[in-house]
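Peer 1: So that we are looking at the same thing, I have put the structure below in structure tokens.
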Amino acid sequence: RRARGRRSTRRGRCRGGVCRLAGGGRGPLLPAGPRLPRRRRRYGHEAEAEERVSRLLPGVDRRPPLRAGAARLVQKAELVRLSQTLSLVPRLHWLLVEDAESPTPLVSGLLAASGLLFTHLAVLTPKAQRLREGEPGWVRPRGVEQRNRALDWLRGGGGAVGGEKDPPPPGTRGVVYFADDDNTYSRELFEEMRWTRGVSVWPVGLVGGLRFEGPRVQDGRVVGFHTAWEPNRPFPLDMAGFAVALPLLLAKPNAQFDAAAPRGHLESSLLSHLVDPKDLEPRAANCTRVLVWHTRTEKPKMKQEEQLQRQGRGSDPAVEV
Ligand SMILES: *[C@@H]1O[C@H](CO)[C@@H](O)[C@H](O)[C@H]1NC(C)=O
């Protein structure tokens with residue numbers, strides 16, 4: 001296979017725990033991580049270097065559009081911003097799940113131009129789960145079908161409509177992160193999550209009506225959660241605040257997101273299949289550093305556009321925005 005031949009050359013580029021890809025990390029990334037020794041326990045520097053070359057597989061879902069058929073106006077801007085953040089991350093595989101019946105040219109074109117290793121999936125949110133115009137975002141869980149489709153693909157369920165069609169081969173070391181397209185991610189976050197053995201956690205900034213939400217850590221273990229809302233949820237974590245080791249996801253084939261989960265329990269619906277809260281692995285300096293922020297893109301006002309359109313002088317629809 002094409003990828004296999006490249007593996008050894010890329011592997012030679014890993015120095016001091018940091019892997020650089022040819023061309024300064026811009027070229028397509030390897031579909032498979034380097035083959036790692038079978039030994040169970042490794043220590044210190046060696047383990048660090050090995051962990052750092054493991055693959056990242058963020059499943060990225062789009063928010064459902066407010067009205068069926070109308071993509072959000074900020075979609076392309078958000079995806080450009082996200083894809084350029086992801087371009088800074090070595091050894092990354094982007095699973096983008098479009099909320100659409102079939103892939104749209106806008107997203108397909110963007111993925112092709114991104115230079116990233118990607119897999120394009122598409123699944124339309126069922127009508128009953130769709131947000132209605134004017135409904136606040138928290139009323140129903142969003143992106144459930146899309147995240148579950150990404151999990152299904154990773155488990156060999158197929159359905160890729162673009163990019164890499166085959167899931168990582170069994171035994172691949174990888175880490176799955178569910179990234180939203182409007183959050184702000186520090187590149188450091190992706191280095192933190194490379195260490196994940198089961199489920200790793202960290203704080204998320206500007207969420208839940210607080211400066212940050214996140215696990216409380218004592219002596220290197222998660223002992224509770226800093227959150228203002230329903231602290232008794234099994235995992236009071238934001239979607240952006242955890243990552244899961246791929247082998248664990250594959251070992252638990254029933255673990256997925258539950259569309260019927262009550263408000264704020266979507267994350268718990270997946271994680272309760274996977275890990276005991278006491279075994280969560282704190283990252284980001286024992287959860288004292290914020291490396292991801294729950295930012296929101298403001299909905300653009302289109303008043304002038306509508307006015308000009310009524311006069312037949314609207315912006316050229318052939319220009320993709
Ligand atoms: C986290 O806390 C543990 C236990 O107190 C300590 O040994 C470790 O060095 C800390 N890690 C970081 C990155 O600060």
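Residue numbering restarts at 1 for every chain of the structure tokens, chains are lettered A, B, ... in their displayed order, and ligands are numbered from 1 as they appear.
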Return as JSON lines the residues of chain A lying at most 6 Å from ligand 1, together with the closest atom-to-atom pair for each and the distance in Å to one decimal, counting only C-alpha atoms and all ligand atoms, with rows in chain order and ascending residue number.

Peer 2:
{"residue": "A:Asp219", "atom": "CA", "partner": "ligand 1", "partner_atom_place_in_ligand_line": "5 (O)", "distance": 3.8}
{"residue": "A:Gly220", "atom": "CA", "partner": "ligand 1", "partner_atom_place_in_ligand_line": "2 (O)", "distance": 3.9}
{"residue": "A:Ala285", "atom": "CA", "partner": "ligand 1", "partner_atom_place_in_ligand_line": "13 (C)", "distance": 3.9}
{"residue": "A:Asn286", "atom": "CA", "partner": "ligand 1", "partner_atom_place_in_ligand_line": "1 (C)", "distance": 4.9}

Peer 1: Write a file of the just-selected residues containing C-alpha atoms, as a PDB file, in the first residue's frame.

Peer 2:
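This is the output file out_25.pdb:
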ATOM      1  CA  ASP A 219      -2.722  14.322  43.346  1.00  0.00           C
ATOM      2  CA  GLY A 220      -2.947  13.781  39.614  1.00  0.00           C
ATOM      3  CA  ALA A 285      -1.062  20.562  33.563  1.00  0.00           C
ATOM      4  CA  ASN A 286      -3.510  18.668  35.766  1.00  0.00           C
TER       5      ASN A 286
END

Peer 1: Show me, as number ranges by chain, the residues that have an atom within 10 Å of segment 198-210 of chain A when counting only C-alpha atoms, minus same-chain residues fewer than 2 positions from it.

Peer 2: A: 175-177, 183-185, 189, 192-196, 212-217, 222, 225-229, 237-249, 271, 274-277, 279-296

Peer 1: Among segment 163-278 of chain A, which ones does DSSP place in alpha helix (DSSP H), written as a list in words?

Peer 2: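 Result set for segment 163-278 of chain A (alpha helix (DSSP H)): Arg187, Glu188, Leu189, Phe190, Glu191, Glu192, Met193, Leu246, Pro247, Leu248, Leu249, Leu250, Ala251, Leu266, Glu267, Ser268, Ser269, Leu270 and Leu271 of chain A.
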
Peer 1: I need the chosen residues saved as a PDB file, in the first residue's frame, with C-alpha atoms.

Peer 2:
ATOM      1  CA  ARG A 187      -2.278  23.643  18.831  1.00  0.00           C
ATOM      2  CA  GLU A 188      -0.967  22.577  22.248  1.00  0.00           C
ATOM      3  CA  LEU A 189      -4.259  20.846  22.958  1.00  0.00           C
ATOM      4  CA  PHE A 190      -3.558  18.273  20.267  1.00  0.00           C
ATOM      5  CA  GLU A 191      -0.169  17.476  21.767  1.00  0.00           C
ATOM      6  CA  GLU A 192      -1.790  17.003  25.169  1.00  0.00           C
ATOM      7  CA  MET A 193      -4.348  14.533  23.850  1.00  0.00           C
ATOM      8  CA  LEU A 246      -9.231   4.701  19.390  1.00  0.00           C
ATOM      9  CA  PRO A 247      -8.544   1.140  20.649  1.00  0.00           C
ATOM     10  CA  LEU A 248     -10.952   1.764  23.543  1.00  0.00           C
ATOM     11  CA  LEU A 249     -13.684   2.943  21.153  1.00  0.00           C
ATOM     12  CA  LEU A 250     -13.164  -0.133  19.018  1.00  0.00           C
ATOM     13  CA  ALA A 251     -13.227  -2.419  22.052  1.00  0.00           C
ATOM     14  CA  LEU A 266     -24.905  13.780  25.656  1.00  0.00           C
ATOM     15  CA  GLU A 267     -21.246  13.522  26.633  1.00  0.00           C
ATOM     16  CA  SER A 268     -22.174  11.211  29.514  1.00  0.00           C
ATOM     17  CA  SER A 269     -24.160   8.979  27.160  1.00  0.00           C
ATOM     18  CA  LEU A 270     -20.939   8.090  25.356  1.00  0.00           C
ATOM     19  CA  LEU A 271     -18.470   8.216  28.212  1.00  0.00           C
TER      20      LEU A 271
END

Peer 1: Which of these residues is nearest to Ala112 of chain A, using only C-alpha atoms: A:Leu92, A:Pro141, A:Ala150, A:Gly162?

Peer 2: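 Ranked by minimum distance to Ala112 of chain A, first place goes to A:Gly162.
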
Peer 1: I'd like the interatomic distance between atom CA of Ala122 of chain A and atom CA of Glu101 of chain A, to a tenth of an Å.

Peer 2: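 Value for the atom CA of Ala122 of chain A-atom CA of Glu101 of chain A distance: 6.2 Å.
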
Peer 1: Atom CA of Met302 of chain A to atom CA of Leu110 of chain A: how many Å, to one decimal?

Peer 2: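 We find that atom CA of Met302 of chain A and atom CA of Leu110 of chain A lie 23.7 Å from each other.
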
Peer 1: Using only C-alpha atoms, which protein or nucleic acid residues come within 12 Å of Gln84 of chain A? Drop anything in the same chain fewer than 2 positions from it, and give the result as a PyMOL selection string.

Peer 2: chain A and resi 25-26+77-82+86-89+94+110-111+113-116+181+184-187

Peer 1: From the list A:Pro126, A:Gly312, A:Pro231, A:Gly156, which residue is nearest Pro170 of chain A when using only C-alpha atoms?

Peer 2: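 For Pro170 of chain A, the nearest of the candidates is A:Gly156.
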
Peer 1: Between atom CA of Leu117 of chain A and atom CA of His93 of chain A, what distance in Å does the model show, to one decimal?

Peer 2: 5.1 Å

Peer 1: Which residues come within 7 Å of Ala259 of chain A, counting only C-alpha atoms, excluding same-chain residues fewer than 2 positions away, as a list in words?

Peer 2: Pro141, Val144, Phe257 and Ala261 of chain A

Peer 1: Contacts of Glu98 of chain A at 8 Å or less, counting only C-alpha atoms, minus same-chain residues fewer than 3 places along, as a list of chain:residue names?

Peer 2: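 Returned residues: A:Asp61, A:Arg62, A:Pro103, A:Val107, A:His120, A:Leu121, A:Ala122, A:Val123, A:Leu124, A:Gln146.
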